[in-house]
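Below is the file protein.txt, which contains compact mmCIF, N, CA and C atoms.
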```txt
# COMPACT_ATOMS: atom_id res chain seq x y z
N MET A 18 10.38 61.44 -126.98
CA MET A 18 9.97 60.86 -125.71
C MET A 18 9.79 59.35 -125.88
N SER A 19 10.21 58.64 -124.87
CA SER A 19 10.12 57.19 -124.92
C SER A 19 8.71 56.72 -124.64
N ARG A 20 8.22 55.81 -125.48
CA ARG A 20 6.89 55.25 -125.23
C ARG A 20 6.96 54.09 -124.24
N LEU A 21 8.13 53.46 -124.15
CA LEU A 21 8.28 52.34 -123.24
C LEU A 21 8.42 52.80 -121.78
N ILE A 22 9.22 53.83 -121.59
CA ILE A 22 9.44 54.35 -120.25
C ILE A 22 9.17 55.85 -120.27
N PRO A 23 7.92 56.26 -120.20
CA PRO A 23 7.60 57.68 -120.34
C PRO A 23 8.10 58.54 -119.18
N PHE A 24 8.27 57.96 -118.00
CA PHE A 24 8.72 58.75 -116.87
C PHE A 24 10.23 59.02 -116.93
N LEU A 25 10.94 58.34 -117.82
CA LEU A 25 12.38 58.51 -117.95
C LEU A 25 12.69 59.41 -119.14
N ASN A 26 12.17 60.60 -119.10
CA ASN A 26 12.33 61.55 -120.20
C ASN A 26 13.46 62.52 -119.87
N LEU A 27 14.66 61.98 -119.67
CA LEU A 27 15.79 62.82 -119.29
C LEU A 27 16.51 63.42 -120.48
N LEU A 28 16.71 62.61 -121.52
CA LEU A 28 17.44 63.04 -122.71
C LEU A 28 16.60 62.80 -123.95
N PRO A 29 16.78 63.61 -124.96
CA PRO A 29 16.14 63.29 -126.24
C PRO A 29 16.70 61.95 -126.75
N ILE A 30 15.88 61.20 -127.43
CA ILE A 30 16.25 59.87 -127.89
C ILE A 30 17.49 59.91 -128.79
N ALA A 31 17.57 60.88 -129.68
CA ALA A 31 18.71 60.96 -130.59
C ALA A 31 20.01 61.16 -129.82
N LEU A 32 19.99 62.01 -128.81
CA LEU A 32 21.19 62.24 -128.01
C LEU A 32 21.54 60.99 -127.19
N ALA A 33 20.54 60.34 -126.64
CA ALA A 33 20.78 59.13 -125.87
C ALA A 33 21.38 58.04 -126.76
N ARG A 34 20.90 57.94 -127.99
CA ARG A 34 21.43 56.94 -128.93
C ARG A 34 22.89 57.23 -129.24
N ARG A 35 23.23 58.49 -129.51
CA ARG A 35 24.61 58.85 -129.82
C ARG A 35 25.54 58.61 -128.63
N LEU A 36 25.06 58.98 -127.43
CA LEU A 36 25.86 58.73 -126.24
C LEU A 36 26.07 57.24 -126.00
N HIS A 37 25.03 56.47 -126.22
CA HIS A 37 25.13 55.02 -126.03
C HIS A 37 26.16 54.42 -127.00
N LEU A 38 26.10 54.84 -128.25
CA LEU A 38 27.04 54.34 -129.24
C LEU A 38 28.47 54.71 -128.87
N THR A 39 28.70 55.96 -128.54
CA THR A 39 30.04 56.43 -128.20
C THR A 39 30.58 55.75 -126.95
N LEU A 40 29.76 55.70 -125.92
CA LEU A 40 30.23 55.11 -124.67
C LEU A 40 30.45 53.60 -124.79
N SER A 41 29.71 52.94 -125.65
CA SER A 41 29.94 51.50 -125.83
C SER A 41 31.29 51.27 -126.51
N TYR A 42 31.67 52.11 -127.46
CA TYR A 42 32.98 51.95 -128.10
C TYR A 42 34.10 52.35 -127.14
N TRP A 43 33.89 53.37 -126.32
CA TRP A 43 34.91 53.73 -125.33
C TRP A 43 35.07 52.63 -124.29
N SER A 44 33.97 51.98 -123.92
CA SER A 44 34.10 50.88 -122.96
C SER A 44 34.86 49.71 -123.59
N LEU A 45 34.69 49.50 -124.89
CA LEU A 45 35.47 48.47 -125.59
C LEU A 45 36.96 48.80 -125.52
N VAL A 46 37.31 50.05 -125.76
CA VAL A 46 38.72 50.46 -125.69
C VAL A 46 39.26 50.28 -124.28
N LEU A 47 38.48 50.67 -123.28
CA LEU A 47 38.93 50.53 -121.89
C LEU A 47 39.10 49.06 -121.50
N MET A 48 38.24 48.20 -121.98
CA MET A 48 38.40 46.77 -121.70
C MET A 48 39.66 46.22 -122.38
N GLU A 49 39.95 46.73 -123.57
CA GLU A 49 41.16 46.31 -124.27
C GLU A 49 42.40 46.76 -123.52
N VAL A 50 42.37 47.98 -123.01
CA VAL A 50 43.50 48.48 -122.22
C VAL A 50 43.65 47.64 -120.95
N HIS A 51 42.56 47.29 -120.33
CA HIS A 51 42.59 46.44 -119.14
C HIS A 51 43.19 45.08 -119.48
N LEU A 52 42.84 44.53 -120.62
CA LEU A 52 43.43 43.27 -121.06
C LEU A 52 44.94 43.43 -121.22
N GLY A 53 45.36 44.53 -121.81
CA GLY A 53 46.79 44.77 -121.99
C GLY A 53 47.54 44.90 -120.68
N LEU A 54 46.88 45.43 -119.66
CA LEU A 54 47.51 45.54 -118.35
C LEU A 54 47.78 44.17 -117.73
N HIS A 55 46.96 43.19 -118.07
CA HIS A 55 47.10 41.85 -117.50
C HIS A 55 47.67 40.84 -118.48
N LEU A 56 48.15 41.29 -119.61
CA LEU A 56 48.67 40.39 -120.63
C LEU A 56 49.94 39.67 -120.17
N GLN A 57 50.64 40.23 -119.21
CA GLN A 57 51.84 39.61 -118.67
C GLN A 57 51.53 38.23 -118.09
N MET A 58 50.33 38.06 -117.53
CA MET A 58 49.94 36.78 -116.96
C MET A 58 49.78 35.70 -118.05
N ILE A 59 49.55 36.11 -119.26
CA ILE A 59 49.44 35.17 -120.37
C ILE A 59 50.81 34.93 -121.01
N VAL A 60 51.60 35.98 -121.11
CA VAL A 60 52.87 35.90 -121.81
C VAL A 60 53.92 35.15 -120.98
N SER A 61 53.93 35.32 -119.67
CA SER A 61 54.95 34.66 -118.83
C SER A 61 54.92 33.13 -118.95
N PRO A 62 53.77 32.47 -118.78
CA PRO A 62 53.76 31.02 -118.96
C PRO A 62 54.13 30.60 -120.39
N LEU A 63 53.75 31.41 -121.37
CA LEU A 63 54.10 31.10 -122.75
C LEU A 63 55.61 31.17 -122.95
N LYS A 64 56.25 32.17 -122.34
CA LYS A 64 57.71 32.28 -122.43
C LYS A 64 58.39 31.09 -121.76
N ARG A 65 57.85 30.67 -120.61
CA ARG A 65 58.43 29.51 -119.91
C ARG A 65 58.32 28.24 -120.76
N ARG A 66 57.18 28.06 -121.40
CA ARG A 66 57.00 26.87 -122.26
C ARG A 66 57.92 26.90 -123.46
N LEU A 67 58.12 28.10 -124.00
CA LEU A 67 58.95 28.22 -125.20
C LEU A 67 60.44 28.29 -124.89
N SER A 68 60.80 28.35 -123.61
CA SER A 68 62.21 28.49 -123.26
C SER A 68 63.03 27.28 -123.70
N THR A 69 62.39 26.12 -123.80
CA THR A 69 63.10 24.92 -124.25
C THR A 69 63.08 24.79 -125.77
N SER A 70 62.30 25.63 -126.44
CA SER A 70 62.20 25.57 -127.90
C SER A 70 63.35 26.34 -128.54
N SER A 71 63.40 26.25 -129.84
CA SER A 71 64.45 26.96 -130.57
C SER A 71 64.23 28.47 -130.50
N LYS A 72 65.32 29.19 -130.69
CA LYS A 72 65.26 30.66 -130.67
C LYS A 72 64.38 31.17 -131.81
N ARG A 73 64.40 30.47 -132.92
CA ARG A 73 63.59 30.87 -134.08
C ARG A 73 62.10 30.81 -133.76
N LEU A 74 61.66 29.73 -133.11
CA LEU A 74 60.26 29.58 -132.73
C LEU A 74 59.85 30.64 -131.70
N GLN A 75 60.75 30.92 -130.76
CA GLN A 75 60.47 31.97 -129.77
C GLN A 75 60.27 33.32 -130.45
N THR A 76 61.13 33.62 -131.41
CA THR A 76 61.02 34.89 -132.13
C THR A 76 59.71 34.97 -132.90
N ILE A 77 59.34 33.89 -133.55
CA ILE A 77 58.10 33.89 -134.33
C ILE A 77 56.90 34.07 -133.43
N VAL A 78 56.83 33.29 -132.36
CA VAL A 78 55.63 33.29 -131.50
C VAL A 78 55.54 34.56 -130.66
N LEU A 79 56.67 35.03 -130.13
CA LEU A 79 56.63 36.15 -129.18
C LEU A 79 56.85 37.52 -129.82
N THR A 80 57.31 37.56 -131.06
CA THR A 80 57.58 38.86 -131.68
C THR A 80 56.84 39.04 -133.00
N ILE A 81 57.06 38.17 -133.94
CA ILE A 81 56.53 38.37 -135.29
C ILE A 81 55.01 38.28 -135.32
N ILE A 82 54.45 37.22 -134.75
CA ILE A 82 52.99 37.05 -134.77
C ILE A 82 52.27 38.19 -134.06
N PRO A 83 52.70 38.60 -132.84
CA PRO A 83 52.00 39.73 -132.21
C PRO A 83 52.06 41.03 -133.02
N TYR A 84 53.22 41.30 -133.64
CA TYR A 84 53.31 42.52 -134.44
C TYR A 84 52.45 42.44 -135.70
N LEU A 85 52.39 41.29 -136.32
CA LEU A 85 51.52 41.14 -137.49
C LEU A 85 50.05 41.32 -137.10
N LEU A 86 49.67 40.74 -135.96
CA LEU A 86 48.29 40.90 -135.49
C LEU A 86 47.98 42.36 -135.14
N THR A 87 48.97 43.06 -134.60
CA THR A 87 48.78 44.48 -134.27
C THR A 87 48.61 45.31 -135.53
N ILE A 88 49.40 45.03 -136.54
CA ILE A 88 49.27 45.76 -137.81
C ILE A 88 47.90 45.49 -138.44
N TYR A 89 47.49 44.23 -138.41
CA TYR A 89 46.16 43.89 -138.95
C TYR A 89 45.05 44.56 -138.12
N GLY A 90 45.24 44.62 -136.80
CA GLY A 90 44.27 45.29 -135.94
C GLY A 90 44.16 46.78 -136.26
N LEU A 91 45.30 47.40 -136.55
CA LEU A 91 45.29 48.82 -136.94
C LEU A 91 44.56 49.00 -138.27
N MET A 92 44.78 48.10 -139.20
CA MET A 92 44.08 48.17 -140.48
C MET A 92 42.57 48.03 -140.28
N MET A 93 42.14 47.14 -139.40
CA MET A 93 40.71 46.95 -139.13
C MET A 93 40.14 48.14 -138.37
N PHE A 94 40.94 48.76 -137.50
CA PHE A 94 40.52 49.96 -136.78
C PHE A 94 40.21 51.08 -137.78
N ILE A 95 41.07 51.21 -138.78
CA ILE A 95 40.86 52.24 -139.80
C ILE A 95 39.71 51.85 -140.72
N LYS A 96 39.66 50.59 -141.14
CA LYS A 96 38.61 50.14 -142.07
C LYS A 96 37.22 50.29 -141.47
N ASN A 97 37.08 49.92 -140.20
CA ASN A 97 35.77 49.99 -139.55
C ASN A 97 35.45 51.36 -138.98
N GLN A 98 36.33 52.31 -139.17
CA GLN A 98 36.14 53.71 -138.75
C GLN A 98 35.78 53.83 -137.27
N ILE A 99 36.51 53.12 -136.44
CA ILE A 99 36.24 53.14 -135.00
C ILE A 99 36.47 54.53 -134.43
N ILE A 100 37.42 55.26 -134.96
CA ILE A 100 37.71 56.61 -134.45
C ILE A 100 36.49 57.52 -134.60
N ALA A 101 35.71 57.32 -135.65
CA ALA A 101 34.50 58.14 -135.85
C ALA A 101 33.45 57.83 -134.79
N TYR A 102 33.39 56.57 -134.36
CA TYR A 102 32.43 56.20 -133.32
C TYR A 102 32.89 56.67 -131.94
N LEU A 103 34.21 56.73 -131.74
CA LEU A 103 34.73 57.17 -130.45
C LEU A 103 34.49 58.65 -130.20
N PHE A 104 34.46 59.45 -131.25
CA PHE A 104 34.36 60.89 -131.08
C PHE A 104 33.08 61.48 -131.67
N LEU A 105 31.99 60.75 -131.59
CA LEU A 105 30.65 61.22 -131.95
C LEU A 105 30.52 61.74 -133.38
N SER A 106 31.28 61.17 -134.30
CA SER A 106 31.17 61.62 -135.69
C SER A 106 30.05 60.91 -136.44
N ASN A 107 29.73 59.70 -136.04
CA ASN A 107 28.66 58.94 -136.69
C ASN A 107 27.51 58.71 -135.73
N ASP A 108 26.30 58.76 -136.28
CA ASP A 108 25.12 58.52 -135.46
C ASP A 108 24.77 57.05 -135.34
N TYR A 109 25.15 56.27 -136.34
CA TYR A 109 24.80 54.86 -136.37
C TYR A 109 26.03 54.04 -136.75
N VAL A 110 26.05 52.79 -136.34
CA VAL A 110 27.10 51.87 -136.76
C VAL A 110 26.74 51.37 -138.14
N MET A 111 27.66 51.56 -139.06
CA MET A 111 27.44 51.11 -140.43
C MET A 111 28.06 49.73 -140.59
N VAL A 112 27.23 48.71 -140.72
CA VAL A 112 27.69 47.34 -140.90
C VAL A 112 27.34 46.91 -142.32
N ASP A 113 28.34 46.45 -143.03
CA ASP A 113 28.14 45.98 -144.39
C ASP A 113 27.42 44.63 -144.32
N SER A 114 26.27 44.54 -144.96
CA SER A 114 25.48 43.31 -144.90
C SER A 114 26.14 42.16 -145.65
N SER A 115 27.10 42.47 -146.50
CA SER A 115 27.79 41.40 -147.22
C SER A 115 28.90 40.78 -146.38
N ASP A 116 29.25 41.42 -145.25
CA ASP A 116 30.28 40.86 -144.38
C ASP A 116 29.79 39.60 -143.70
N ASN A 117 30.68 38.67 -143.61
CA ASN A 117 30.42 37.43 -142.91
C ASN A 117 30.51 37.71 -141.40
N LEU A 118 29.67 37.08 -140.60
CA LEU A 118 29.67 37.29 -139.16
C LEU A 118 31.01 36.90 -138.55
N ILE A 119 31.56 35.79 -138.98
CA ILE A 119 32.85 35.33 -138.45
C ILE A 119 33.95 36.34 -138.80
N GLN A 120 33.91 36.87 -140.01
CA GLN A 120 34.89 37.88 -140.42
C GLN A 120 34.75 39.13 -139.56
N HIS A 121 33.53 39.54 -139.28
CA HIS A 121 33.29 40.71 -138.45
C HIS A 121 33.82 40.51 -137.03
N ILE A 122 33.60 39.33 -136.48
CA ILE A 122 34.08 39.01 -135.13
C ILE A 122 35.61 39.01 -135.11
N ILE A 123 36.23 38.44 -136.13
CA ILE A 123 37.69 38.40 -136.21
C ILE A 123 38.26 39.81 -136.31
N GLU A 124 37.61 40.68 -137.08
CA GLU A 124 38.07 42.06 -137.20
C GLU A 124 38.06 42.76 -135.85
N TYR A 125 37.00 42.58 -135.09
CA TYR A 125 36.92 43.23 -133.78
C TYR A 125 37.88 42.59 -132.78
N LEU A 126 38.14 41.30 -132.90
CA LEU A 126 39.14 40.66 -132.05
C LEU A 126 40.53 41.21 -132.36
N GLU A 127 40.79 41.50 -133.61
CA GLU A 127 42.08 42.10 -133.98
C GLU A 127 42.21 43.51 -133.43
N ILE A 128 41.10 44.25 -133.40
CA ILE A 128 41.13 45.59 -132.82
C ILE A 128 41.39 45.48 -131.32
N ILE A 129 40.79 44.49 -130.68
CA ILE A 129 41.06 44.25 -129.26
C ILE A 129 42.54 43.93 -129.07
N GLY A 130 43.08 43.11 -129.95
CA GLY A 130 44.50 42.78 -129.87
C GLY A 130 45.39 43.99 -130.05
N LEU A 131 44.98 44.90 -130.92
CA LEU A 131 45.75 46.13 -131.16
C LEU A 131 45.93 46.91 -129.87
N PHE A 132 44.84 47.25 -129.21
CA PHE A 132 44.94 48.05 -128.00
C PHE A 132 45.55 47.26 -126.85
N GLY A 133 45.28 45.96 -126.80
CA GLY A 133 45.87 45.13 -125.76
C GLY A 133 47.38 45.09 -125.87
N LEU A 134 47.89 44.86 -127.09
CA LEU A 134 49.34 44.80 -127.28
C LEU A 134 50.00 46.16 -127.10
N LEU A 135 49.36 47.22 -127.56
CA LEU A 135 49.93 48.55 -127.35
C LEU A 135 50.04 48.87 -125.86
N THR A 136 49.02 48.52 -125.11
CA THR A 136 49.06 48.74 -123.66
C THR A 136 50.13 47.89 -123.01
N TYR A 137 50.23 46.64 -123.43
CA TYR A 137 51.24 45.73 -122.89
C TYR A 137 52.64 46.28 -123.14
N LYS A 138 52.91 46.73 -124.36
CA LYS A 138 54.23 47.28 -124.68
C LYS A 138 54.49 48.57 -123.91
N LEU A 139 53.47 49.38 -123.71
CA LEU A 139 53.62 50.60 -122.92
C LEU A 139 53.97 50.27 -121.47
N VAL A 140 53.29 49.28 -120.91
CA VAL A 140 53.57 48.85 -119.54
C VAL A 140 55.00 48.32 -119.44
N LEU A 141 55.44 47.54 -120.41
CA LEU A 141 56.80 47.02 -120.39
C LEU A 141 57.84 48.15 -120.45
N SER A 142 57.57 49.14 -121.28
CA SER A 142 58.52 50.26 -121.40
C SER A 142 58.56 51.10 -120.13
N ILE A 143 57.42 51.23 -119.44
CA ILE A 143 57.40 51.97 -118.19
C ILE A 143 58.14 51.21 -117.09
N ARG A 144 57.99 49.89 -117.06
CA ARG A 144 58.67 49.07 -116.05
C ARG A 144 60.17 49.08 -116.23
N LYS A 145 60.65 49.19 -117.47
CA LYS A 145 62.09 49.20 -117.72
C LYS A 145 62.74 50.48 -117.25
N LYS A 146 61.99 51.56 -117.17
CA LYS A 146 62.56 52.85 -116.76
C LYS A 146 62.67 52.93 -115.30
```

As structure tokens, please, write out the structure in this file.
Amino acid sequence: MSRLIPFLNLLPIALARRLHLTLSYWSLVLMEVHLGLHLQMIVSPLKRRLSTSSKRLQTIVLTIIPYLLTIYGLMMFIKNQIIAYLFLSNDYVMVDSSDNLIQHIIEYLEIIGLFGLLTYKLVLSIRKK
């Protein structure tokens, strides 16, 4: 029972904590998917700017870098065990205290990039059909 809000005794605290953890990670995934749905608004001006550049630069910026970031995002998704948080396997977020804050933020930005780019590519493949 909550001591701060005693009248709000709807769920046991342990269950509320697990639901909060899981739903916060699912909301992160949904925000990433939403970003991927609107990524065309970022890519189109970038393509226009790069249209006067060499084909090699276009390939690097529009193909190689996004795929490398996606692969790194997948590695961070696995390393940080996000799948366990999405499906109620862990009760608490395990953060390594030796990790640098900037490194931790970059890892989660890469995970955001992973789902954003996957959604963007899915949208492109659906539009082509």

**Request:** Would you list the contacts of Ile129 of chain A as an MDAnalysis selection string, taking every protein, DNA or RNA residue within 8 Å and counting all atoms listed in the file, but skipping same-chain residues closer than 5 positions in sequence?
**Result:** chainID A and resid 45:46 48:50 53 90:91 123:124 134:135

**Request:** Using DSSP on the backbone coordinates, identify all residues within chain A classified as alpha helix (DSSP H); present the result as a VMD selection string.
**Result:** chain A and resid 30 to 54 57 to 67 72 to 76 82 to 96 99 to 103 118 to 145

**Request:** Just give me the gap between atom CA of Ser114 of chain A and atom CA of Pro29 of chain A in Å, one decimal is fine.
**Result:**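 Rounded to one decimal, the two atoms are 28.9 Å apart.
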
**Computed interatomic separation between atom C of Ile128 of chain A and atom N of Phe94 of chain A (Å)** =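 These two atoms are separated by 7.0 Å.
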
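Here atom CA of Lys96 of chain A is placed at a distance of 10.9 Å from atom CA of Tyr125 of chain A.
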